[in-house]
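Reproduced below: data_11.pdb, with PDB, C-alpha atoms, pLDDT in the B column.
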```pdb
ATOM      1  CA  MET A 160       6.832   4.407  16.683  1.00 94.00           C
ATOM      2  CA  THR A 161       3.833   6.712  16.650  1.00 97.00           C
ATOM      3  CA  LEU A 162       1.039   7.393  14.192  1.00 98.00           C
ATOM      4  CA  ALA A 163      -0.498  10.833  14.650  1.00 98.00           C
ATOM      5  CA  ILE A 164      -3.982  11.246  13.212  1.00 98.00           C
ATOM      6  CA  PRO A 165      -6.389  14.185  13.549  1.00 98.00           C
ATOM      7  CA  SER A 166      -9.619  13.274  15.318  1.00 98.00           C
ATOM      8  CA  THR A 167     -11.607  14.439  12.269  1.00 98.00           C
ATOM      9  CA  LEU A 168      -9.797  11.939  10.045  1.00 98.00           C
ATOM     10  CA  LEU A 169     -10.286   9.125  12.531  1.00 98.00           C
ATOM     11  CA  GLY A 170     -13.959  10.117  12.444  1.00 98.00           C
ATOM     12  CA  GLU A 171     -13.921   9.816   8.648  1.00 98.00           C
ATOM     13  CA  ILE A 172     -12.421   6.341   8.920  1.00 98.00           C
ATOM     14  CA  TYR A 173     -15.052   5.322  11.463  1.00 98.00           C
ATOM     15  CA  ALA A 174     -17.808   6.557   9.134  1.00 98.00           C
ATOM     16  CA  VAL A 175     -16.371   4.539   6.227  1.00 97.00           C
ATOM     17  CA  VAL A 176     -16.033   1.299   8.159  1.00 98.00           C
ATOM     18  CA  GLU A 177     -19.451   1.654   9.818  1.00 98.00           C
ATOM     19  CA  ARG A 178     -21.027   2.110   6.366  1.00 97.00           C
ATOM     20  CA  ALA A 179     -19.162  -0.979   5.138  1.00 96.00           C
ATOM     21  CA  TYR A 180     -20.363  -3.141   8.030  1.00 97.00           C
ATOM     22  CA  PRO A 181     -20.924  -6.117   8.091  1.00 96.00           C
ATOM     23  CA  GLU A 182     -18.231  -6.133   5.411  1.00 96.00           C
ATOM     24  CA  GLU A 183     -14.664  -4.929   5.840  1.00 96.00           C
ATOM     25  CA  GLY A 184     -14.039  -1.322   4.816  1.00 96.00           C
ATOM     26  CA  ALA A 185     -10.592  -0.171   3.654  1.00 97.00           C
ATOM     27  CA  GLY A 186      -8.546   2.654   2.239  1.00 98.00           C
ATOM     28  CA  PHE A 187      -5.255   4.464   2.411  1.00 98.00           C
ATOM     29  CA  LEU A 188      -3.670   6.715   4.986  1.00 98.00           C
ATOM     30  CA  LEU A 189      -1.914   9.589   3.223  1.00 98.00           C
ATOM     31  CA  GLY A 190       0.664  11.721   4.968  1.00 98.00           C
ATOM     32  CA  SER A 191       4.326  12.055   5.802  1.00 97.00           C
ATOM     33  CA  ASP A 192       6.924  10.121   7.691  1.00 95.00           C
ATOM     34  CA  GLY A 193       9.290  11.345  10.384  1.00 92.00           C
ATOM     35  CA  PRO A 194       9.964  10.772  14.086  1.00 92.00           C
ATOM     36  CA  VAL A 195       6.159  10.776  14.256  1.00 96.00           C
ATOM     37  CA  ARG A 196       4.293   9.517  11.200  1.00 97.00           C
ATOM     38  CA  ARG A 197       1.493  11.990  10.462  1.00 98.00           C
ATOM     39  CA  VAL A 198      -1.762  11.301   8.643  1.00 98.00           C
ATOM     40  CA  ALA A 199      -2.855  14.296   6.551  1.00 98.00           C
ATOM     41  CA  SER A 200      -5.799  12.745   4.720  1.00 98.00           C
ATOM     42  CA  VAL A 201      -7.591   9.451   4.206  1.00 98.00           C
ATOM     43  CA  PHE A 202      -8.529   7.894   0.876  1.00 98.00           C
ATOM     44  CA  PRO A 203     -11.341   5.371   1.179  1.00 97.00           C
ATOM     45  CA  LEU A 204     -11.524   2.721  -1.522  1.00 95.00           C
ATOM     46  CA  ALA A 205     -13.875  -0.028  -2.573  1.00 92.00           C
ATOM     47  CA  ASN A 206     -13.271  -3.454  -1.092  1.00 91.00           C
ATOM     48  CA  ALA A 207     -12.645  -5.421  -4.274  1.00 93.00           C
ATOM     49  CA  SER A 208     -12.856  -8.850  -2.662  1.00 93.00           C
ATOM     50  CA  GLU A 209     -15.462 -11.312  -3.953  1.00 90.00           C
ATOM     51  CA  ASP A 210     -18.915 -10.696  -2.431  1.00 87.00           C
ATOM     52  CA  ALA A 211     -18.865 -13.594   0.007  1.00 88.00           C
ATOM     53  CA  ALA A 212     -15.310 -12.821   1.131  1.00 93.00           C
ATOM     54  CA  ARG A 213     -15.857  -9.164   2.035  1.00 93.00           C
ATOM     55  CA  ARG A 214     -17.000 -10.011   5.551  1.00 93.00           C
ATOM     56  CA  ASN A 215     -13.462 -10.999   6.510  1.00 92.00           C
ATOM     57  CA  ARG A 216     -11.219  -9.973   3.595  1.00 94.00           C
ATOM     58  CA  TYR A 217     -10.330  -6.733   1.886  1.00 95.00           C
ATOM     59  CA  LEU A 218      -8.585  -6.191  -1.434  1.00 95.00           C
ATOM     60  CA  ILE A 219      -7.417  -2.928  -2.984  1.00 96.00           C
ATOM     61  CA  THR A 220      -6.904  -3.301  -6.716  1.00 94.00           C
ATOM     62  CA  PRO A 221      -3.685  -2.103  -8.371  1.00 95.00           C
ATOM     63  CA  GLU A 222      -5.768   0.445 -10.285  1.00 95.00           C
ATOM     64  CA  ASP A 223      -7.096   1.834  -6.992  1.00 96.00           C
ATOM     65  CA  TYR A 224      -3.585   1.852  -5.531  1.00 97.00           C
ATOM     66  CA  LEU A 225      -2.593   4.026  -8.486  1.00 96.00           C
ATOM     67  CA  LYS A 226      -5.486   6.402  -7.721  1.00 96.00           C
ATOM     68  CA  GLY A 227      -4.282   6.653  -4.140  1.00 97.00           C
ATOM     69  CA  GLU A 228      -0.732   7.305  -5.255  1.00 96.00           C
ATOM     70  CA  LEU A 229      -1.840  10.026  -7.702  1.00 96.00           C
ATOM     71  CA  GLU A 230      -3.960  11.653  -4.984  1.00 97.00           C
ATOM     72  CA  ALA A 231      -1.028  11.579  -2.568  1.00 97.00           C
ATOM     73  CA  GLU A 232       1.270  13.102  -5.202  1.00 96.00           C
ATOM     74  CA  ALA A 233      -1.276  15.838  -5.920  1.00 97.00           C
ATOM     75  CA  GLN A 234      -1.231  16.718  -2.209  1.00 97.00           C
ATOM     76  CA  GLY A 235       2.554  16.509  -2.003  1.00 97.00           C
ATOM     77  CA  ILE A 236       2.443  13.595   0.435  1.00 97.00           C
ATOM     78  CA  ASP A 237       2.771   9.814   0.318  1.00 97.00           C
ATOM     79  CA  ILE A 238       0.769   6.686   0.993  1.00 97.00           C
ATOM     80  CA  ILE A 239       1.952   5.877   4.527  1.00 98.00           C
ATOM     81  CA  GLY A 240      -0.498   3.167   5.473  1.00 98.00           C
ATOM     82  CA  VAL A 241      -3.693   1.248   5.049  1.00 98.00           C
ATOM     83  CA  PHE A 242      -6.824   1.330   7.191  1.00 98.00           C
ATOM     84  CA  HIS A 243      -9.312  -1.502   7.358  1.00 98.00           C
ATOM     85  CA  SER A 244     -11.933  -2.869   9.720  1.00 97.00           C
ATOM     86  CA  HIS A 245     -12.588  -6.153  11.470  1.00 97.00           C
ATOM     87  CA  PRO A 246     -16.386  -6.585  11.709  1.00 96.00           C
ATOM     88  CA  ASP A 247     -17.238  -8.148  15.072  1.00 96.00           C
ATOM     89  CA  HIS A 248     -13.585  -9.049  15.599  1.00 95.00           C
ATOM     90  CA  PRO A 249     -10.755  -7.412  17.528  1.00 95.00           C
ATOM     91  CA  GLU A 250      -8.516  -4.733  16.100  1.00 96.00           C
ATOM     92  CA  ARG A 251      -5.522  -7.082  15.988  1.00 96.00           C
ATOM     93  CA  PRO A 252      -3.935  -8.266  12.710  1.00 96.00           C
ATOM     94  CA  SER A 253      -4.799 -11.731  11.513  1.00 94.00           C
ATOM     95  CA  GLU A 254      -2.429 -14.243   9.964  1.00 94.00           C
ATOM     96  CA  PHE A 255      -3.921 -13.306   6.598  1.00 93.00           C
ATOM     97  CA  ASP A 256      -3.108  -9.650   7.346  1.00 94.00           C
ATOM     98  CA  ARG A 257       0.484 -10.672   8.050  1.00 93.00           C
ATOM     99  CA  GLU A 258       0.814 -12.752   4.873  1.00 90.00           C
ATOM    100  CA  TRP A 259      -0.269  -9.820   2.676  1.00 91.00           C
ATOM    101  CA  ALA A 260       1.230  -6.892   4.587  1.00 92.00           C
ATOM    102  CA  GLN A 261       4.054  -4.691   3.359  1.00 90.00           C
ATOM    103  CA  PRO A 262       6.836  -3.562   5.705  1.00 88.00           C
ATOM    104  CA  TYR A 263       6.891   0.206   6.321  1.00 94.00           C
ATOM    105  CA  PHE A 264       3.124   0.797   6.085  1.00 96.00           C
ATOM    106  CA  SER A 265       1.059   1.630   9.156  1.00 98.00           C
ATOM    107  CA  TYR A 266      -1.874  -0.765   9.305  1.00 98.00           C
ATOM    108  CA  LEU A 267      -4.685   0.948  11.229  1.00 98.00           C
ATOM    109  CA  ILE A 268      -7.246  -1.691  12.164  1.00 98.00           C
ATOM    110  CA  THR A 269     -10.656  -0.741  13.578  1.00 98.00           C
ATOM    111  CA  SER A 270     -12.946  -3.143  15.367  1.00 97.00           C
ATOM    112  CA  VAL A 271     -16.594  -2.607  14.360  1.00 98.00           C
ATOM    113  CA  GLN A 272     -19.021  -4.299  16.728  1.00 97.00           C
ATOM    114  CA  SER A 273     -22.684  -4.552  15.716  1.00 97.00           C
ATOM    115  CA  GLY A 274     -22.200  -1.724  13.236  1.00 96.00           C
ATOM    116  CA  ARG A 275     -20.377   0.626  15.578  1.00 97.00           C
ATOM    117  CA  ALA A 276     -16.659   1.452  15.385  1.00 97.00           C
ATOM    118  CA  ILE A 277     -15.284   0.736  18.817  1.00 97.00           C
ATOM    119  CA  GLU A 278     -11.516   1.041  18.825  1.00 96.00           C
ATOM    120  CA  SER A 279      -8.504   1.291  16.536  1.00 98.00           C
ATOM    121  CA  ARG A 280      -4.954   0.055  16.910  1.00 98.00           C
ATOM    122  CA  SER A 281      -2.068   0.515  14.496  1.00 98.00           C
ATOM    123  CA  TRP A 282       0.589  -1.976  13.517  1.00 98.00           C
ATOM    124  CA  ARG A 283       3.742  -2.221  11.400  1.00 97.00           C
ATOM    125  CA  LEU A 284       5.155  -5.409   9.904  1.00 94.00           C
ATOM    126  CA  THR A 285       8.724  -6.263  10.884  1.00 92.00           C
ATOM    127  CA  ASP A 286      11.280  -6.359   8.051  1.00 87.00           C
ATOM    128  CA  ASP A 287      11.566 -10.144   8.353  1.00 87.00           C
ATOM    129  CA  ARG A 288       7.755 -10.359   7.978  1.00 87.00           C
ATOM    130  CA  ALA A 289       7.571 -12.523  11.105  1.00 92.00           C
ATOM    131  CA  GLN A 290       5.164 -10.359  13.083  1.00 95.00           C
ATOM    132  CA  PHE A 291       3.510  -7.003  13.573  1.00 96.00           C
ATOM    133  CA  ILE A 292       4.732  -4.491  16.136  1.00 97.00           C
ATOM    134  CA  GLU A 293       2.090  -2.183  17.563  1.00 98.00           C
ATOM    135  CA  GLU A 294       2.678   1.556  17.253  1.00 97.00           C
ATOM    136  CA  ALA A 295       1.149   4.222  19.442  1.00 97.00           C
ATOM    137  CA  ILE A 296      -1.728   6.264  18.047  1.00 98.00           C
ATOM    138  CA  GLU A 297      -1.695   9.976  18.884  1.00 97.00           C
ATOM    139  CA  ILE A 298      -5.074  11.562  18.200  1.00 97.00           C
ATOM    140  CA  THR A 299      -4.579  15.236  17.433  1.00 95.00           C
ATOM    141  CA  LEU A 300      -7.008  18.144  17.263  1.00 91.00           C
TER
ATOM    142  CA  MET B 207      15.174   8.067 -19.955  1.00 92.00           C
ATOM    143  CA  PRO B 208      12.139   6.452 -18.349  1.00 95.00           C
ATOM    144  CA  VAL B 209      11.459   7.193 -14.695  1.00 97.00           C
ATOM    145  CA  LEU B 210      10.412   4.422 -12.312  1.00 97.00           C
ATOM    146  CA  ARG B 211       8.228   5.442  -9.345  1.00 97.00           C
ATOM    147  CA  ILE B 212       9.009   3.410  -6.224  1.00 97.00           C
ATOM    148  CA  PRO B 213       6.135   2.731  -3.764  1.00 96.00           C
ATOM    149  CA  THR B 214       6.756   3.890  -0.208  1.00 95.00           C
ATOM    150  CA  PRO B 215       7.353   0.392   1.242  1.00 94.00           C
ATOM    151  CA  LEU B 216      10.263  -0.215  -1.145  1.00 94.00           C
ATOM    152  CA  ARG B 217      12.034   3.171  -0.920  1.00 95.00           C
ATOM    153  CA  VAL B 218      14.248   1.869   1.873  1.00 94.00           C
ATOM    154  CA  TYR B 219      15.942  -0.239  -0.857  1.00 94.00           C
ATOM    155  CA  THR B 220      16.565   2.734  -3.163  1.00 96.00           C
ATOM    156  CA  GLY B 221      18.217   4.965  -0.583  1.00 95.00           C
ATOM    157  CA  GLY B 222      14.934   6.745   0.049  1.00 94.00           C
ATOM    158  CA  GLN B 223      14.472   7.771  -3.567  1.00 96.00           C
ATOM    159  CA  SER B 224      10.868   7.850  -4.759  1.00 95.00           C
ATOM    160  CA  ASP B 225      11.823   8.194  -8.439  1.00 97.00           C
ATOM    161  CA  VAL B 226      14.673   6.318 -10.127  1.00 97.00           C
ATOM    162  CA  THR B 227      15.726   7.134 -13.682  1.00 97.00           C
ATOM    163  CA  VAL B 228      16.324   3.868 -15.513  1.00 96.00           C
ATOM    164  CA  SER B 229      17.596   2.863 -18.928  1.00 95.00           C
ATOM    165  CA  GLY B 230      15.836   0.295 -21.061  1.00 95.00           C
ATOM    166  CA  VAL B 231      13.517   0.043 -24.039  1.00 96.00           C
ATOM    167  CA  THR B 232      11.296  -2.554 -22.361  1.00 96.00           C
ATOM    168  CA  VAL B 233       9.855  -2.976 -18.894  1.00 96.00           C
ATOM    169  CA  SER B 234      12.126  -5.983 -18.402  1.00 95.00           C
ATOM    170  CA  ALA B 235      15.231  -3.982 -19.293  1.00 96.00           C
ATOM    171  CA  ALA B 236      14.175  -1.132 -17.010  1.00 96.00           C
ATOM    172  CA  LEU B 237      13.728  -3.538 -14.094  1.00 96.00           C
ATOM    173  CA  ALA B 238      17.137  -5.086 -14.807  1.00 95.00           C
ATOM    174  CA  ASP B 239      18.646  -1.622 -14.642  1.00 97.00           C
ATOM    175  CA  LEU B 240      16.804  -0.843 -11.398  1.00 97.00           C
ATOM    176  CA  THR B 241      18.007  -4.039  -9.704  1.00 96.00           C
ATOM    177  CA  ALA B 242      21.558  -3.462 -10.959  1.00 96.00           C
ATOM    178  CA  ARG B 243      21.553   0.008  -9.392  1.00 96.00           C
ATOM    179  CA  HIS B 244      19.684  -1.078  -6.228  1.00 96.00           C
ATOM    180  CA  PRO B 245      20.216  -4.845  -5.766  1.00 95.00           C
ATOM    181  CA  ASP B 246      18.518  -4.946  -2.363  1.00 93.00           C
ATOM    182  CA  ILE B 247      15.151  -4.296  -3.992  1.00 93.00           C
ATOM    183  CA  ARG B 248      15.342  -7.348  -6.243  1.00 93.00           C
ATOM    184  CA  PRO B 249      14.034 -10.064  -3.882  1.00 89.00           C
ATOM    185  CA  HIS B 250      11.067  -7.863  -2.988  1.00 89.00           C
ATOM    186  CA  ILE B 251       9.856  -7.535  -6.583  1.00 92.00           C
ATOM    187  CA  MET B 252      11.173 -10.652  -8.331  1.00 90.00           C
ATOM    188  CA  LYS B 253      11.421 -14.369  -7.759  1.00 89.00           C
ATOM    189  CA  ASP B 254      14.738 -16.122  -8.302  1.00 88.00           C
ATOM    190  CA  ASP B 255      13.764 -16.921 -11.886  1.00 88.00           C
ATOM    191  CA  GLY B 256      13.237 -13.254 -12.751  1.00 85.00           C
ATOM    192  CA  GLU B 257       9.442 -13.422 -12.798  1.00 88.00           C
ATOM    193  CA  LEU B 258       7.575 -10.758 -10.877  1.00 89.00           C
ATOM    194  CA  ARG B 259       6.305 -11.716  -7.439  1.00 89.00           C
ATOM    195  CA  ALA B 260       2.548 -12.285  -7.347  1.00 87.00           C
ATOM    196  CA  TYR B 261       1.843  -9.141  -5.331  1.00 88.00           C
ATOM    197  CA  VAL B 262       3.850  -6.855  -7.671  1.00 93.00           C
ATOM    198  CA  ASN B 263       2.143  -4.996 -10.505  1.00 96.00           C
ATOM    199  CA  LEU B 264       3.759  -2.680 -13.019  1.00 97.00           C
ATOM    200  CA  PHE B 265       2.062   0.284 -14.662  1.00 97.00           C
ATOM    201  CA  ARG B 266       3.256   2.235 -17.677  1.00 97.00           C
ATOM    202  CA  GLY B 267       1.523   5.520 -17.163  1.00 95.00           C
ATOM    203  CA  GLU B 268      -1.925   4.476 -16.055  1.00 93.00           C
ATOM    204  CA  GLU B 269      -1.942   1.123 -17.853  1.00 95.00           C
ATOM    205  CA  ASN B 270      -1.170  -2.169 -16.160  1.00 96.00           C
ATOM    206  CA  VAL B 271       1.530  -3.814 -18.282  1.00 96.00           C
ATOM    207  CA  ALA B 272      -0.183  -7.145 -17.633  1.00 94.00           C
ATOM    208  CA  ASN B 273      -2.807  -5.855 -20.092  1.00 96.00           C
ATOM    209  CA  LEU B 274      -0.122  -4.845 -22.605  1.00 97.00           C
ATOM    210  CA  GLN B 275       2.909  -6.964 -23.477  1.00 96.00           C
ATOM    211  CA  GLY B 276       3.869  -7.834 -19.884  1.00 94.00           C
ATOM    212  CA  LEU B 277       7.569  -7.505 -19.159  1.00 94.00           C
ATOM    213  CA  GLN B 278       8.198  -7.008 -22.900  1.00 96.00           C
ATOM    214  CA  THR B 279       6.060  -3.874 -22.969  1.00 97.00           C
ATOM    215  CA  PRO B 280       8.081  -1.223 -24.800  1.00 97.00           C
ATOM    216  CA  LEU B 281       9.099   1.974 -23.040  1.00 97.00           C
ATOM    217  CA  ALA B 282       9.584   5.403 -24.581  1.00 96.00           C
ATOM    218  CA  GLU B 283      12.143   7.888 -23.288  1.00 95.00           C
ATOM    219  CA  ASP B 284       9.540   9.936 -21.453  1.00 95.00           C
ATOM    220  CA  ASP B 285       7.514   7.037 -20.051  1.00 97.00           C
ATOM    221  CA  ARG B 286       6.756   6.811 -16.358  1.00 96.00           C
ATOM    222  CA  LEU B 287       6.748   3.307 -14.926  1.00 97.00           C
ATOM    223  CA  ARG B 288       5.340   2.499 -11.484  1.00 97.00           C
ATOM    224  CA  ILE B 289       5.714  -0.478  -9.168  1.00 97.00           C
ATOM    225  CA  ILE B 290       2.297  -1.003  -7.573  1.00 96.00           C
ATOM    226  CA  PRO B 291       1.947  -3.561  -4.768  1.00 93.00           C
ATOM    227  CA  SER B 292      -1.224  -5.575  -4.279  1.00 91.00           C
ATOM    228  CA  ILE B 293      -2.878  -4.638  -0.999  1.00 94.00           C
ATOM    229  CA  ALA B 294      -5.012  -7.165   0.831  1.00 94.00           C
ATOM    230  CA  GLY B 295      -5.778  -8.513   4.266  1.00 94.00           C
ATOM    231  CA  GLY B 296      -8.668  -9.247   6.552  1.00 92.00           C
TER
END
```

Written as structure tokens, that's how I'd like the structure from this file.
Amino acid sequence: MTLAIPSTLLGEIYAVVERAYPEEGAGFLLGSDGPVRRVASVFPLANASEDAARRNRYLITPEDYLKGELEAEAQGIDIIGVFHSHPDHPERPSEFDREWAQPYFSYLITSVQSGRAIESRSWRLTDDRAQFIEEAIEITL
Amino acid sequence: MPVLRIPTPLRVYTGGQSDVTVSGVTVSAALADLTARHPDIRPHIMKDDGELRAYVNLFRGEENVANLQGLQTPLAEDDRLRIIPSIAGG
């Protein structure tokens, strides 16, 4: 499994999550599926978690999901994943990530250390919801 | 007939279809038709008692049916219904 993302879009994600720091930043990955899943655009969204929870939780409201879906439809693509950050924590999914994840989606997690985006890894939930499997990230020009 | 938009994570249960035409004059009836046509999707949107799972939201157009009449929200022939999952983590 591979997630291909242009370097400019990864840069956009890094800018979003660095601005959100020390809270978690989040949004959608829009694109198309295939032998390689390709990100065509990113759709940042507000973290709708309660104030005190935003340091280690993110929430995308159903209304914002609808906005993402309408944007994807307007571009002729689909929501293919979710990006979010882990402030001062590794870019590995937590148990809470697993409990709330949807199979199929690519979950691109970025570790932000002291306000700086350091690294991203991408994960997909298994169909039985037992665990995440890491997918390769291909950064394209 | 109303059209039900399937979110990407659930399209594997509708044979890859993103839009399913359903029959029904209420949201509840439309969901019953969907699960009759595509039974594999049922456990991912409903509990055993027929209630929606907590992370499943339904929109008629751009309105959350939870703010209307819930599963009894009426549907017109040209309505577009969407299954919208809650997205969270951390």

Using all atoms listed in the file, determine which residues lie at most 9 Å from stretch 208-225 of chain A, disregarding the query and same-chain residues fewer than 4 positions distant; provide the list as a PyMOL selection string.
-> (chain A and resi 180-187+204+229-230+243-246+255-256) or (chain B and resi 262-265+268-270+288+290-296)

Picked residues, the PyMOL selection byres ((chain A and resi 286-299) around 7), as a ChimeraX atom specification = /A:160-166,257,262,281-285,300

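Counting only C-alpha atoms and comparing A:Trp259, A:Ser265, A:Leu168, A:Arg280, the residue that lies closest to A:Ala199 is A:Leu168.
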
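Of note, atom CA of B:Ile212 and atom CA of A:Val175 are spaced 28.3 Å apart.
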
Please evaluate the PyMOL selection byres ((chain B and resi 236) around 10) against the displayed coordinates and give the resulting residues as a list in words.
-> Met207, Pro208, Val209, Leu210, Thr227, Val228, Ser229, Gly230, Val231, Thr232, Val233, Ser234, Ala235, Leu237, Ala238, Asp239, Leu240, Thr241, Ala242, Leu277, Pro280, Leu281 and Leu287 of chain B

Selection near stretch 244-249 of chain B, 7 Å with all atoms listed in the file, sequence-local residues under 4 positions removed, as a tab-separated table (two decimals) with C-alpha atoms, in the coordinates of the input:
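Result file is around-v1.tsv:
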```tsv
chain	number	residue	atom	x	y	z
B	216	LEU	CA	10.26	-0.22	-1.14
B	219	TYR	CA	15.94	-0.24	-0.86
B	220	THR	CA	16.57	2.73	-3.16
B	240	LEU	CA	16.80	-0.84	-11.40
B	253	LYS	CA	11.42	-14.37	-7.76
```

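With atom CA of A:Leu188 on one side and atom CA of A:Tyr263 on the other, the separation reads 12.5 Å.
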